[in-house]
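Data file: input35.pdb. Format and content: PDB, C-alpha atoms.
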```pdb
ATOM      1  CA  MET Q   1      37.088  26.782 -44.598
ATOM      2  CA  GLU Q   2      39.192  24.092 -46.333
ATOM      3  CA  SER Q   3      40.578  24.926 -49.699
ATOM      4  CA  ILE Q   4      39.808  22.715 -52.692
ATOM      5  CA  ARG Q   5      43.499  21.704 -52.738
ATOM      6  CA  THR Q   6      43.432  20.572 -49.071
ATOM      7  CA  ARG Q   7      40.246  18.578 -49.601
ATOM      8  CA  SER Q   8      41.810  16.902 -52.667
ATOM      9  CA  LYS Q   9      44.872  15.833 -50.646
ATOM     10  CA  LYS Q  10      42.647  14.288 -47.952
ATOM     11  CA  ALA Q  11      40.570  12.451 -50.549
ATOM     12  CA  LEU Q  12      43.700  11.108 -52.151
ATOM     13  CA  ALA Q  13      44.980   9.907 -48.767
ATOM     14  CA  VAL Q  14      41.678   8.109 -48.118
ATOM     15  CA  VAL Q  15      41.770   6.458 -51.532
ATOM     16  CA  SER Q  16      45.394   5.398 -50.951
ATOM     17  CA  THR Q  17      44.524   3.956 -47.551
ATOM     18  CA  ILE Q  18      41.586   2.032 -49.024
ATOM     19  CA  GLY Q  19      43.800   0.779 -51.843
ATOM     20  CA  LEU Q  20      46.478  -0.351 -49.414
ATOM     21  CA  ALA Q  21      43.914  -2.135 -47.250
ATOM     22  CA  ALA Q  22      42.470  -3.848 -50.311
ATOM     23  CA  ALA Q  23      45.910  -4.958 -51.402
ATOM     24  CA  MET Q  24      46.634  -6.317 -47.935
ATOM     25  CA  THR Q  25      43.297  -8.162 -47.984
ATOM     26  CA  VAL Q  26      44.103  -9.719 -51.357
ATOM     27  CA  ALA Q  27      47.582 -10.708 -50.148
ATOM     28  CA  THR Q  28      46.149 -12.262 -46.998
ATOM     29  CA  ALA Q  29      43.508 -14.142 -48.974
ATOM     30  CA  THR Q  30      46.099 -15.405 -51.411
ATOM     31  CA  GLY Q  31      48.291 -16.650 -48.569
ATOM     32  CA  ALA Q  32      45.331 -18.353 -46.911
ATOM     33  CA  SER Q  33      44.345 -20.134 -50.109
ATOM     34  CA  ALA Q  34      47.862 -21.476 -50.664
ATOM     35  CA  LYS Q  35      47.035 -24.609 -48.742
ATOM     36  CA  GLY Q  36      49.455 -27.446 -48.260
ATOM     37  CA  GLU Q  37      52.125 -25.279 -46.678
ATOM     38  CA  ASN Q  38      52.372 -27.651 -43.722
ATOM     39  CA  ILE Q  39      53.166 -31.198 -44.887
ATOM     40  CA  VAL Q  40      54.775 -33.999 -42.875
ATOM     41  CA  PHE Q  41      56.522 -36.883 -44.626
ATOM     42  CA  ILE Q  42      56.628 -40.044 -42.504
ATOM     43  CA  GLN Q  43      59.236 -42.406 -43.925
ATOM     44  CA  GLY Q  44      59.017 -46.174 -43.752
ATOM     45  CA  VAL Q  45      62.392 -46.171 -41.994
ATOM     46  CA  LYS Q  46      65.116 -43.594 -41.369
ATOM     47  CA  GLY Q  47      68.455 -43.730 -43.139
ATOM     48  CA  ASP Q  48      67.361 -45.885 -46.077
ATOM     49  CA  GLY Q  49      68.548 -44.625 -49.470
ATOM     50  CA  PHE Q  50      65.116 -45.204 -50.959
ATOM     51  CA  TYR Q  51      63.382 -42.939 -48.459
ATOM     52  CA  ILE Q  52      66.200 -40.394 -48.485
ATOM     53  CA  THR Q  53      65.789 -40.092 -52.251
ATOM     54  CA  MET Q  54      62.025 -39.815 -51.830
ATOM     55  CA  GLU Q  55      62.573 -37.056 -49.269
ATOM     56  CA  CYS Q  56      64.682 -35.184 -51.829
ATOM     57  CA  GLY Q  57      61.739 -35.279 -54.252
ATOM     58  CA  VAL Q  58      59.326 -34.203 -51.509
ATOM     59  CA  LYS Q  59      61.496 -31.246 -50.523
ATOM     60  CA  ALA Q  60      62.096 -30.115 -54.091
ATOM     61  CA  GLU Q  61      58.409 -30.139 -55.013
ATOM     62  CA  ALA Q  62      57.363 -28.525 -51.716
ATOM     63  CA  LYS Q  63      59.818 -25.684 -52.342
ATOM     64  CA  LYS Q  64      58.514 -25.304 -55.875
ATOM     65  CA  LEU Q  65      54.902 -25.055 -54.687
ATOM     66  CA  GLY Q  66      55.643 -22.830 -51.692
ATOM     67  CA  ALA Q  67      54.886 -25.459 -49.063
ATOM     68  CA  THR Q  68      56.892 -26.381 -45.986
ATOM     69  CA  VAL Q  69      57.728 -29.975 -45.173
ATOM     70  CA  LYS Q  70      59.033 -31.877 -42.165
ATOM     71  CA  THR Q  71      60.399 -35.434 -42.381
ATOM     72  CA  VAL Q  72      60.197 -38.016 -39.599
ATOM     73  CA  GLY Q  73      60.414 -41.797 -39.447
ATOM     74  CA  PRO Q  74      61.078 -44.845 -37.268
ATOM     75  CA  ALA Q  75      64.513 -46.334 -36.685
ATOM     76  CA  LYS Q  76      63.243 -49.686 -37.993
ATOM     77  CA  PHE Q  77      60.589 -50.686 -40.517
ATOM     78  CA  ASP Q  78      58.127 -51.581 -37.776
ATOM     79  CA  ALA Q  79      54.493 -50.513 -37.346
ATOM     80  CA  THR Q  80      54.831 -50.504 -33.544
ATOM     81  CA  LEU Q  81      57.474 -47.797 -33.937
ATOM     82  CA  GLN Q  82      55.736 -45.914 -36.733
ATOM     83  CA  LYS Q  83      52.306 -45.624 -35.091
ATOM     84  CA  PRO Q  84      53.419 -43.418 -32.155
ATOM     85  CA  ILE Q  85      55.155 -41.130 -34.649
ATOM     86  CA  LEU Q  86      51.957 -40.888 -36.693
ATOM     87  CA  ASP Q  87      49.895 -40.148 -33.559
ATOM     88  CA  SER Q  88      52.271 -37.334 -32.625
ATOM     89  CA  VAL Q  89      52.120 -35.905 -36.127
ATOM     90  CA  ILE Q  90      48.308 -35.959 -36.136
ATOM     91  CA  ALA Q  91      48.307 -34.081 -32.805
ATOM     92  CA  SER Q  92      50.436 -31.341 -34.419
ATOM     93  CA  LYS Q  93      47.605 -30.789 -36.953
ATOM     94  CA  PRO Q  94      49.459 -30.566 -40.277
ATOM     95  CA  ASP Q  95      47.546 -29.912 -43.485
ATOM     96  CA  ALA Q  96      48.649 -33.202 -45.008
ATOM     97  CA  ILE Q  97      50.683 -36.318 -44.346
ATOM     98  CA  LEU Q  98      52.715 -38.318 -46.833
ATOM     99  CA  ILE Q  99      53.368 -41.745 -45.352
ATOM    100  CA  ALA Q 100      54.812 -45.145 -46.258
ATOM    101  CA  PRO Q 101      52.753 -47.412 -43.944
ATOM    102  CA  ASN Q 102      54.800 -50.177 -42.302
ATOM    103  CA  ASP Q 103      51.947 -52.704 -42.269
ATOM    104  CA  VAL Q 104      48.791 -53.117 -44.362
ATOM    105  CA  ASN Q 105      46.663 -53.991 -41.327
ATOM    106  CA  ALA Q 106      48.294 -52.345 -38.309
ATOM    107  CA  MET Q 107      48.367 -48.882 -39.890
ATOM    108  CA  GLN Q 108      44.798 -48.996 -41.264
ATOM    109  CA  ARG Q 109      42.920 -47.497 -38.300
ATOM    110  CA  PRO Q 110      45.635 -45.020 -37.274
ATOM    111  CA  LEU Q 111      45.565 -43.546 -40.777
ATOM    112  CA  GLU Q 112      41.773 -43.492 -40.833
ATOM    113  CA  ALA Q 113      42.038 -41.525 -37.578
ATOM    114  CA  ALA Q 114      44.282 -39.003 -39.329
ATOM    115  CA  LYS Q 115      41.650 -38.441 -41.983
ATOM    116  CA  LYS Q 116      38.917 -38.073 -39.340
ATOM    117  CA  ALA Q 117      41.087 -35.460 -37.625
ATOM    118  CA  GLY Q 118      41.020 -33.392 -40.822
ATOM    119  CA  VAL Q 119      44.460 -34.307 -42.123
ATOM    120  CA  GLU Q 120      44.746 -35.286 -45.787
ATOM    121  CA  VAL Q 121      46.693 -38.511 -46.299
ATOM    122  CA  VAL Q 122      48.777 -39.521 -49.319
ATOM    123  CA  LEU Q 123      50.191 -43.058 -49.329
ATOM    124  CA  VAL Q 124      53.680 -43.276 -50.832
ATOM    125  CA  ASP Q 125      55.470 -46.528 -51.634
ATOM    126  CA  THR Q 126      53.411 -48.798 -49.366
ATOM    127  CA  THR Q 127      49.670 -48.908 -48.694
ATOM    128  CA  VAL Q 128      47.053 -50.378 -46.341
ATOM    129  CA  LYS Q 129      44.300 -52.950 -46.720
ATOM    130  CA  ASP Q 130      41.547 -50.420 -47.483
ATOM    131  CA  PRO Q 131      43.017 -47.117 -48.723
ATOM    132  CA  LYS Q 132      39.721 -45.435 -49.654
ATOM    133  CA  PHE Q 133      40.385 -42.599 -47.181
ATOM    134  CA  ALA Q 134      43.617 -41.623 -48.963
ATOM    135  CA  VAL Q 135      43.957 -38.805 -51.465
ATOM    136  CA  SER Q 136      46.231 -40.954 -53.585
ATOM    137  CA  GLU Q 137      48.365 -44.115 -53.580
ATOM    138  CA  ILE Q 138      51.726 -43.669 -55.287
ATOM    139  CA  SER Q 139      54.103 -46.579 -55.736
ATOM    140  CA  SER Q 140      56.219 -48.590 -58.119
ATOM    141  CA  ASP Q 141      54.828 -51.500 -60.121
ATOM    142  CA  ASN Q 142      56.063 -53.933 -57.492
ATOM    143  CA  LEU Q 143      54.361 -56.980 -58.997
ATOM    144  CA  GLY Q 144      56.034 -56.135 -62.300
ATOM    145  CA  GLY Q 145      59.310 -55.546 -60.469
ATOM    146  CA  GLY Q 146      59.238 -59.102 -59.135
ATOM    147  CA  LYS Q 147      58.601 -60.429 -62.623
ATOM    148  CA  GLU Q 148      61.456 -58.321 -63.940
ATOM    149  CA  ALA Q 149      63.734 -59.828 -61.286
ATOM    150  CA  PHE Q 150      62.993 -63.261 -62.731
ATOM    151  CA  LYS Q 151      63.862 -61.989 -66.206
ATOM    152  CA  ALA Q 152      67.249 -61.012 -64.782
ATOM    153  CA  VAL Q 153      67.617 -64.559 -63.419
ATOM    154  CA  GLN Q 154      66.833 -65.962 -66.864
ATOM    155  CA  GLN Q 155      69.535 -63.794 -68.387
ATOM    156  CA  LEU Q 156      72.136 -64.684 -65.771
ATOM    157  CA  VAL Q 157      71.221 -68.376 -65.359
ATOM    158  CA  PRO Q 158      69.938 -69.373 -68.811
ATOM    159  CA  GLY Q 159      70.267 -73.088 -68.095
ATOM    160  CA  GLY Q 160      67.518 -73.018 -65.452
ATOM    161  CA  GLY Q 161      67.549 -74.597 -62.014
ATOM    162  CA  LYS Q 162      66.376 -73.994 -58.464
ATOM    163  CA  VAL Q 163      65.549 -70.480 -57.263
ATOM    164  CA  MET Q 164      64.148 -68.993 -54.055
ATOM    165  CA  GLY Q 165      62.908 -65.746 -52.576
ATOM    166  CA  ILE Q 166      63.886 -63.903 -49.407
ATOM    167  CA  GLY Q 167      61.559 -61.093 -48.371
ATOM    168  CA  VAL Q 168      61.043 -58.939 -45.279
ATOM    169  CA  LYS Q 169      57.875 -60.274 -43.643
ATOM    170  CA  PRO Q 170      54.287 -60.862 -44.746
ATOM    171  CA  GLY Q 171      51.990 -57.840 -44.538
ATOM    172  CA  ILE Q 172      54.089 -55.213 -46.340
ATOM    173  CA  SER Q 173      52.248 -54.334 -49.539
ATOM    174  CA  THR Q 174      55.300 -53.596 -51.687
ATOM    175  CA  THR Q 175      57.499 -56.568 -50.818
ATOM    176  CA  ASP Q 176      54.486 -58.903 -50.813
ATOM    177  CA  ALA Q 177      53.838 -57.844 -54.416
ATOM    178  CA  ARG Q 178      57.500 -58.253 -55.424
ATOM    179  CA  ASP Q 179      57.667 -61.713 -53.875
ATOM    180  CA  LYS Q 180      54.444 -62.741 -55.609
ATOM    181  CA  GLY Q 181      55.562 -61.348 -58.962
ATOM    182  CA  PHE Q 182      58.769 -63.364 -58.813
ATOM    183  CA  LYS Q 183      57.072 -66.594 -57.713
ATOM    184  CA  ASP Q 184      54.364 -66.247 -60.384
ATOM    185  CA  ALA Q 185      56.972 -65.645 -63.081
ATOM    186  CA  VAL Q 186      58.875 -68.776 -62.058
ATOM    187  CA  ALA Q 187      55.639 -70.804 -62.145
ATOM    188  CA  ALA Q 188      54.900 -69.509 -65.644
ATOM    189  CA  SER Q 189      58.370 -70.354 -66.972
ATOM    190  CA  GLY Q 190      57.448 -73.848 -68.145
ATOM    191  CA  GLY Q 191      59.307 -75.969 -65.592
ATOM    192  CA  LYS Q 192      62.841 -74.954 -66.512
ATOM    193  CA  TYR Q 193      63.162 -73.219 -63.149
ATOM    194  CA  THR Q 194      61.944 -74.576 -59.804
ATOM    195  CA  PHE Q 195      60.826 -72.329 -56.954
ATOM    196  CA  VAL Q 196      62.009 -73.979 -53.716
ATOM    197  CA  GLY Q 197      60.474 -71.532 -51.246
ATOM    198  CA  GLN Q 198      59.819 -68.036 -49.943
ATOM    199  CA  GLU Q 199      61.543 -67.059 -46.697
ATOM    200  CA  TYR Q 200      61.499 -63.876 -44.602
ATOM    201  CA  SER Q 201      64.426 -62.050 -42.989
ATOM    202  CA  GLN Q 202      62.423 -59.719 -40.700
ATOM    203  CA  ASN Q 203      64.577 -56.963 -42.212
ATOM    204  CA  GLU Q 204      67.665 -58.376 -40.491
ATOM    205  CA  PRO Q 205      70.734 -59.216 -42.643
ATOM    206  CA  ALA Q 206      71.887 -61.824 -40.088
ATOM    207  CA  ILE Q 207      68.595 -63.713 -40.410
ATOM    208  CA  ALA Q 208      68.800 -63.544 -44.214
ATOM    209  CA  ALA Q 209      72.316 -64.992 -44.005
ATOM    210  CA  GLN Q 210      71.073 -67.866 -41.815
ATOM    211  CA  ILE Q 211      68.193 -68.530 -44.223
ATOM    212  CA  THR Q 212      70.629 -68.622 -47.134
ATOM    213  CA  THR Q 213      73.115 -71.014 -45.542
ATOM    214  CA  ALA Q 214      70.266 -73.336 -44.492
ATOM    215  CA  ALA Q 215      68.771 -73.218 -47.997
ATOM    216  CA  LEU Q 216      72.128 -74.036 -49.581
ATOM    217  CA  ALA Q 217      72.617 -76.953 -47.211
ATOM    218  CA  LYS Q 218      69.225 -78.311 -48.255
ATOM    219  CA  ASN Q 219      69.600 -77.376 -51.934
ATOM    220  CA  PRO Q 220      73.334 -77.324 -52.782
ATOM    221  CA  ASP Q 221      72.413 -76.872 -56.447
ATOM    222  CA  LEU Q 222      70.472 -73.630 -55.791
ATOM    223  CA  LYS Q 223      71.120 -71.220 -58.676
ATOM    224  CA  ALA Q 224      69.533 -67.899 -57.741
ATOM    225  CA  ILE Q 225      68.003 -65.878 -54.906
ATOM    226  CA  PHE Q 226      65.634 -62.951 -55.337
ATOM    227  CA  ALA Q 227      66.066 -60.699 -52.300
ATOM    228  CA  SER Q 228      63.220 -58.203 -52.352
ATOM    229  CA  ASN Q 229      64.809 -55.545 -50.161
ATOM    230  CA  LEU Q 230      68.234 -54.203 -49.149
ATOM    231  CA  PHE Q 231      68.829 -56.163 -45.950
ATOM    232  CA  SER Q 232      67.666 -59.438 -47.455
ATOM    233  CA  ALA Q 233      70.146 -58.969 -50.305
ATOM    234  CA  GLN Q 234      72.974 -58.112 -47.917
ATOM    235  CA  GLY Q 235      72.274 -61.193 -45.828
ATOM    236  CA  ALA Q 236      71.914 -63.456 -48.853
ATOM    237  CA  ALA Q 237      75.323 -62.357 -50.133
ATOM    238  CA  THR Q 238      76.855 -63.025 -46.718
ATOM    239  CA  GLY Q 239      75.228 -66.453 -46.504
ATOM    240  CA  ILE Q 240      76.503 -67.425 -49.944
ATOM    241  CA  LYS Q 241      80.032 -66.426 -48.937
ATOM    242  CA  GLN Q 242      79.808 -68.332 -45.635
ATOM    243  CA  ALA Q 243      78.645 -71.432 -47.506
ATOM    244  CA  GLY Q 244      81.630 -71.242 -49.838
ATOM    245  CA  LYS Q 245      79.352 -70.660 -52.840
ATOM    246  CA  SER Q 246      80.611 -67.275 -54.029
ATOM    247  CA  GLY Q 247      80.218 -67.006 -57.778
ATOM    248  CA  GLN Q 248      77.909 -70.036 -57.911
ATOM    249  CA  VAL Q 249      74.623 -68.453 -56.784
ATOM    250  CA  VAL Q 250      73.119 -65.350 -58.389
ATOM    251  CA  VAL Q 251      71.535 -62.691 -56.161
ATOM    252  CA  ILE Q 252      68.990 -60.284 -57.623
ATOM    253  CA  GLY Q 253      68.389 -57.349 -55.279
ATOM    254  CA  PHE Q 254      65.709 -54.670 -55.138
ATOM    255  CA  ASP Q 255      66.504 -50.946 -54.850
ATOM    256  CA  ALA Q 256      69.675 -49.075 -55.716
ATOM    257  CA  GLY Q 257      71.025 -47.269 -52.682
ATOM    258  CA  PRO Q 258      74.752 -46.658 -52.173
ATOM    259  CA  ASP Q 259      75.213 -49.988 -50.384
ATOM    260  CA  GLN Q 260      73.406 -51.892 -53.129
ATOM    261  CA  ILE Q 261      75.403 -50.194 -55.872
ATOM    262  CA  LYS Q 262      78.622 -51.092 -54.016
ATOM    263  CA  ALA Q 263      77.455 -54.704 -53.703
ATOM    264  CA  LEU Q 264      76.758 -54.771 -57.434
ATOM    265  CA  LYS Q 265      80.196 -53.417 -58.264
ATOM    266  CA  ASP Q 266      81.820 -55.815 -55.779
ATOM    267  CA  GLY Q 267      80.057 -58.755 -57.402
ATOM    268  CA  THR Q 268      78.083 -59.910 -54.349
ATOM    269  CA  VAL Q 269      74.838 -58.933 -56.122
ATOM    270  CA  GLN Q 270      74.471 -59.521 -59.852
ATOM    271  CA  ALA Q 271      71.508 -57.256 -60.696
ATOM    272  CA  LEU Q 272      69.376 -54.562 -59.045
ATOM    273  CA  ILE Q 273      65.794 -53.504 -59.668
ATOM    274  CA  ALA Q 274      65.764 -49.724 -59.096
ATOM    275  CA  GLN Q 275      62.567 -47.866 -58.303
ATOM    276  CA  GLN Q 276      61.845 -44.138 -58.800
ATOM    277  CA  PRO Q 277      61.553 -42.834 -55.216
ATOM    278  CA  TYR Q 278      62.347 -39.233 -56.171
ATOM    279  CA  GLN Q 279      59.375 -39.149 -58.534
ATOM    280  CA  ILE Q 280      57.152 -40.796 -55.922
ATOM    281  CA  GLY Q 281      58.026 -37.940 -53.541
ATOM    282  CA  VAL Q 282      57.311 -35.304 -56.180
ATOM    283  CA  ASP Q 283      53.958 -36.858 -57.064
ATOM    284  CA  GLY Q 284      53.042 -37.187 -53.378
ATOM    285  CA  VAL Q 285      53.415 -33.468 -52.737
ATOM    286  CA  LYS Q 286      51.583 -32.600 -55.951
ATOM    287  CA  GLN Q 287      48.602 -34.728 -54.957
ATOM    288  CA  ALA Q 288      48.497 -33.356 -51.405
ATOM    289  CA  VAL Q 289      48.601 -29.722 -52.525
ATOM    290  CA  ALA Q 290      46.046 -30.332 -55.271
ATOM    291  CA  LYS Q 291      43.628 -31.824 -52.744
ATOM    292  CA  LEU Q 292      44.091 -28.977 -50.297
ATOM    293  CA  ASN Q 293      43.395 -26.455 -53.038
ATOM    294  CA  GLY Q 294      40.269 -28.214 -54.271
ATOM    295  CA  LYS Q 295      41.848 -29.368 -57.509
ATOM    296  CA  PRO Q 296      41.516 -32.804 -59.164
ATOM    297  CA  THR Q 297      43.684 -35.621 -57.806
ATOM    298  CA  LYS Q 298      44.658 -39.076 -59.048
ATOM    299  CA  LYS Q 299      43.579 -41.977 -56.863
ATOM    300  CA  LYS Q 300      46.463 -44.198 -57.970
ATOM    301  CA  ILE Q 301      49.816 -43.429 -59.594
ATOM    302  CA  THR Q 302      52.268 -46.148 -60.625
ATOM    303  CA  THR Q 303      55.910 -45.411 -61.342
ATOM    304  CA  GLY Q 304      58.399 -47.595 -63.187
ATOM    305  CA  PHE Q 305      61.804 -49.116 -62.509
ATOM    306  CA  THR Q 306      65.202 -49.750 -64.094
ATOM    307  CA  ILE Q 307      67.290 -52.937 -64.125
ATOM    308  CA  ILE Q 308      70.912 -52.153 -63.248
ATOM    309  CA  THR Q 309      73.666 -54.667 -63.974
ATOM    310  CA  PRO Q 310      77.464 -54.413 -63.764
ATOM    311  CA  ALA Q 311      77.412 -53.546 -67.476
ATOM    312  CA  THR Q 312      75.031 -50.587 -67.010
ATOM    313  CA  VAL Q 313      75.805 -49.319 -63.504
ATOM    314  CA  ASP Q 314      78.164 -46.580 -64.699
ATOM    315  CA  SER Q 315      76.067 -45.572 -67.708
ATOM    316  CA  ALA Q 316      74.004 -42.379 -67.699
ATOM    317  CA  ALA Q 317      70.830 -44.406 -67.126
ATOM    318  CA  GLY Q 318      72.438 -46.410 -64.324
ATOM    319  CA  LYS Q 319      73.697 -43.317 -62.535
ATOM    320  CA  ALA Q 320      70.321 -41.605 -62.885
ATOM    321  CA  ALA Q 321      68.567 -44.626 -61.374
ATOM    322  CA  ALA Q 322      70.898 -44.872 -58.360
ATOM    323  CA  TYR Q 323      69.495 -43.569 -55.069
ATOM    324  CA  ARG Q 324      70.943 -40.706 -53.047
ATOM    325  CA  SER Q 325      72.517 -40.680 -49.612
ATOM    326  CA  THR Q 326      71.781 -36.961 -49.119
ATOM    327  CA  CYS Q 327      69.661 -34.344 -50.886
TER     328      CYS Q 327
END
```

Would you mind writing the structure in this file as structure tokens?
Amino acid sequence: MESIRTRSKKALAVVSTIGLAAAMTVATATGASAKGENIVFIQGVKGDGFYITMECGVKAEAKKLGATVKTVGPAKFDATLQKPILDSVIASKPDAILIAPNDVNAMQRPLEAAKKAGVEVVLVDTTVKDPKFAVSEISSDNLGGGKEAFKAVQQLVPGGGKVMGIGVKPGISTTDARDKGFKDAVAASGGKYTFVGQEYSQNEPAIAAQITTAALAKNPDLKAIFASNLFSAQGAATGIKQAGKSGQVVVIGFDAGPDQIKALKDGTVQALIAQQPYQIGVDGVKQAVAKLNGKPTKKKITTGFTIITPATVDSAAGKAAAYRSTC
């Protein structure tokens, strides 16, 4: 016959076992409810300071929230290169995708397919024609950024004159908005400035240089160029130099990666419109994780920008606005 002491020890062991099992159940449940641990960030293009800085924000917020993140992207800003990457990512069945779509039309159905496959989609920087499937759209005020670029022209060329725009190609939501914002601002300026045309570099500096030299041959009194992305600005600066017009034509660039900051300091670009890619990355992860955990999300988030000039590039604000080359 068992003693009372022996029976008490067995009862205690049973209670301890039950308690341990309950604790393990709670721990397992908690881990299972911490959704969003598998996020893939698909950049618009690899190696660009804007998307590198965004990746830094994505990684920092993912670490903070206990999620894991993988970053992939095409070698060029091209939907035909980005789509196969997206298809591969969907097949890997992540919880969520953060993506900067390369084309408003070409990436529409592929991203709808991601949603149908059970993957939550957050659009960062760029968007598509009908983004209703997305958890959230997060981007800069690109229309306002284009208008701000014209304000920089007014400051640098107060006497007025002919101006033009060089973009990437039609169909990219962000640069389309920047180009439109600039053109609209010129039109609203009262005739002091004349918009002589919008051209597209196809994201190739050499093409932007050719466009610039041709424009200067046609309009030798051209005063300013708004280049709405990095490669357009690089090419515009080269074209101005080749035409023997250095110091006579103002270039306003968009973004503030290491190459753009160098161009500003070298004097080939006279002002930069810097976005907030780090914050876009942070907000993207927040929205994805909120959705996966059944919490409220914001359908649209707009971030701001900073104008950087040679006078402000080395200030605290200028340094904070500059993009990163590594995290």

| request: Provide the CA of Thr309 (chain Q) to CA of Gln154 (chain Q) distance in Å, to one decimal place. | output: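 Separation of CA of Thr309 (chain Q) and CA of Gln154 (chain Q): 13.5 Å.
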
| task | State, in Å with one decimal place, the distance from CA of Ile172 (chain Q) to CA of Asp103 (chain Q). | result |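 Rounded to one decimal, the two atoms are 5.2 Å apart.
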
| task | Would you work out the distance separating CA of Lys300 (chain Q) from CA of Phe77 (chain Q), expressed in Å to one decimal? | result | 23.4 Å

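Nearest to Leu98 (chain Q) of all the residues Q:Gly267, Q:Gly73, Q:Pro158, Q:Gly49 is Q:Gly73, counting all atoms listed in the file.
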
| query | Which residues match the PyMOL selection byres ((chain Q and resi 186) around 10) in the file above, as an NGL selection string? | reply | :Q and (147 or 150-151 or 153-154 or 162-164 or 180-185 or 187-195)

Would you write out those residues with C-alpha atoms, as an mmCIF file, in the frame of the given file?
```
data_model
loop_
_atom_site.group_PDB
_atom_site.id
_atom_site.type_symbol
_atom_site.label_atom_id
_atom_site.label_comp_id
_atom_site.auth_asym_id
_atom_site.auth_seq_id
_atom_site.Cartn_x
_atom_site.Cartn_y
_atom_site.Cartn_z
ATOM 1 C CA LYS Q 147 58.601 -60.429 -62.623
ATOM 2 C CA PHE Q 150 62.993 -63.261 -62.731
ATOM 3 C CA LYS Q 151 63.862 -61.989 -66.206
ATOM 4 C CA VAL Q 153 67.617 -64.559 -63.419
ATOM 5 C CA GLN Q 154 66.833 -65.962 -66.864
ATOM 6 C CA LYS Q 162 66.376 -73.994 -58.464
ATOM 7 C CA VAL Q 163 65.549 -70.480 -57.263
ATOM 8 C CA MET Q 164 64.148 -68.993 -54.055
ATOM 9 C CA LYS Q 180 54.444 -62.741 -55.609
ATOM 10 C CA GLY Q 181 55.562 -61.348 -58.962
ATOM 11 C CA PHE Q 182 58.769 -63.364 -58.813
ATOM 12 C CA LYS Q 183 57.072 -66.594 -57.713
ATOM 13 C CA ASP Q 184 54.364 -66.247 -60.384
ATOM 14 C CA ALA Q 185 56.972 -65.645 -63.081
ATOM 15 C CA ALA Q 187 55.639 -70.804 -62.145
ATOM 16 C CA ALA Q 188 54.900 -69.509 -65.644
ATOM 17 C CA SER Q 189 58.370 -70.354 -66.972
ATOM 18 C CA GLY Q 190 57.448 -73.848 -68.145
ATOM 19 C CA GLY Q 191 59.307 -75.969 -65.592
ATOM 20 C CA LYS Q 192 62.841 -74.954 -66.512
ATOM 21 C CA TYR Q 193 63.162 -73.219 -63.149
ATOM 22 C CA THR Q 194 61.944 -74.576 -59.804
ATOM 23 C CA PHE Q 195 60.826 -72.329 -56.954
#
```

Could you give me region 150-161 of chain Q completed to N, CA and C atoms, formatted as a short mmCIF file (atom, residue, chain, number, x, y, z; two decimals), keeping the file's coordinate frame?
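Heads up, here's the output in rebuild.cif:
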```
data_model
loop_
_atom_site.label_atom_id
_atom_site.label_comp_id
_atom_site.auth_asym_id
_atom_site.auth_seq_id
_atom_site.Cartn_x
_atom_site.Cartn_y
_atom_site.Cartn_z
N PHE Q 150 62.85 -61.92 -62.16
CA PHE Q 150 62.99 -63.26 -62.73
C PHE Q 150 63.58 -63.20 -64.14
N LYS Q 151 63.25 -62.16 -64.89
CA LYS Q 151 63.86 -61.99 -66.21
C LYS Q 151 65.38 -61.86 -66.07
N ALA Q 152 65.81 -61.15 -65.02
CA ALA Q 152 67.25 -61.01 -64.78
C ALA Q 152 67.87 -62.37 -64.47
N VAL Q 153 67.14 -63.20 -63.71
CA VAL Q 153 67.62 -64.56 -63.42
C VAL Q 153 67.76 -65.35 -64.72
N GLN Q 154 66.79 -65.24 -65.59
CA GLN Q 154 66.83 -65.96 -66.86
C GLN Q 154 68.03 -65.54 -67.70
N GLN Q 155 68.38 -64.28 -67.63
CA GLN Q 155 69.54 -63.79 -68.39
C GLN Q 155 70.85 -64.30 -67.79
N LEU Q 156 70.90 -64.33 -66.46
CA LEU Q 156 72.14 -64.68 -65.77
C LEU Q 156 72.32 -66.19 -65.57
N VAL Q 157 71.18 -66.91 -65.52
CA VAL Q 157 71.22 -68.38 -65.36
C VAL Q 157 70.35 -69.00 -66.45
N PRO Q 158 70.78 -68.91 -67.70
CA PRO Q 158 69.94 -69.37 -68.81
C PRO Q 158 69.65 -70.87 -68.80
N GLY Q 159 70.47 -71.64 -68.11
CA GLY Q 159 70.27 -73.09 -68.10
C GLY Q 159 69.16 -73.56 -67.18
N GLY Q 160 68.59 -72.64 -66.37
CA GLY Q 160 67.52 -73.02 -65.45
C GLY Q 160 68.06 -73.54 -64.13
N GLY Q 161 67.15 -74.05 -63.30
CA GLY Q 161 67.55 -74.60 -62.01
C GLY Q 161 66.68 -74.11 -60.87
#
```
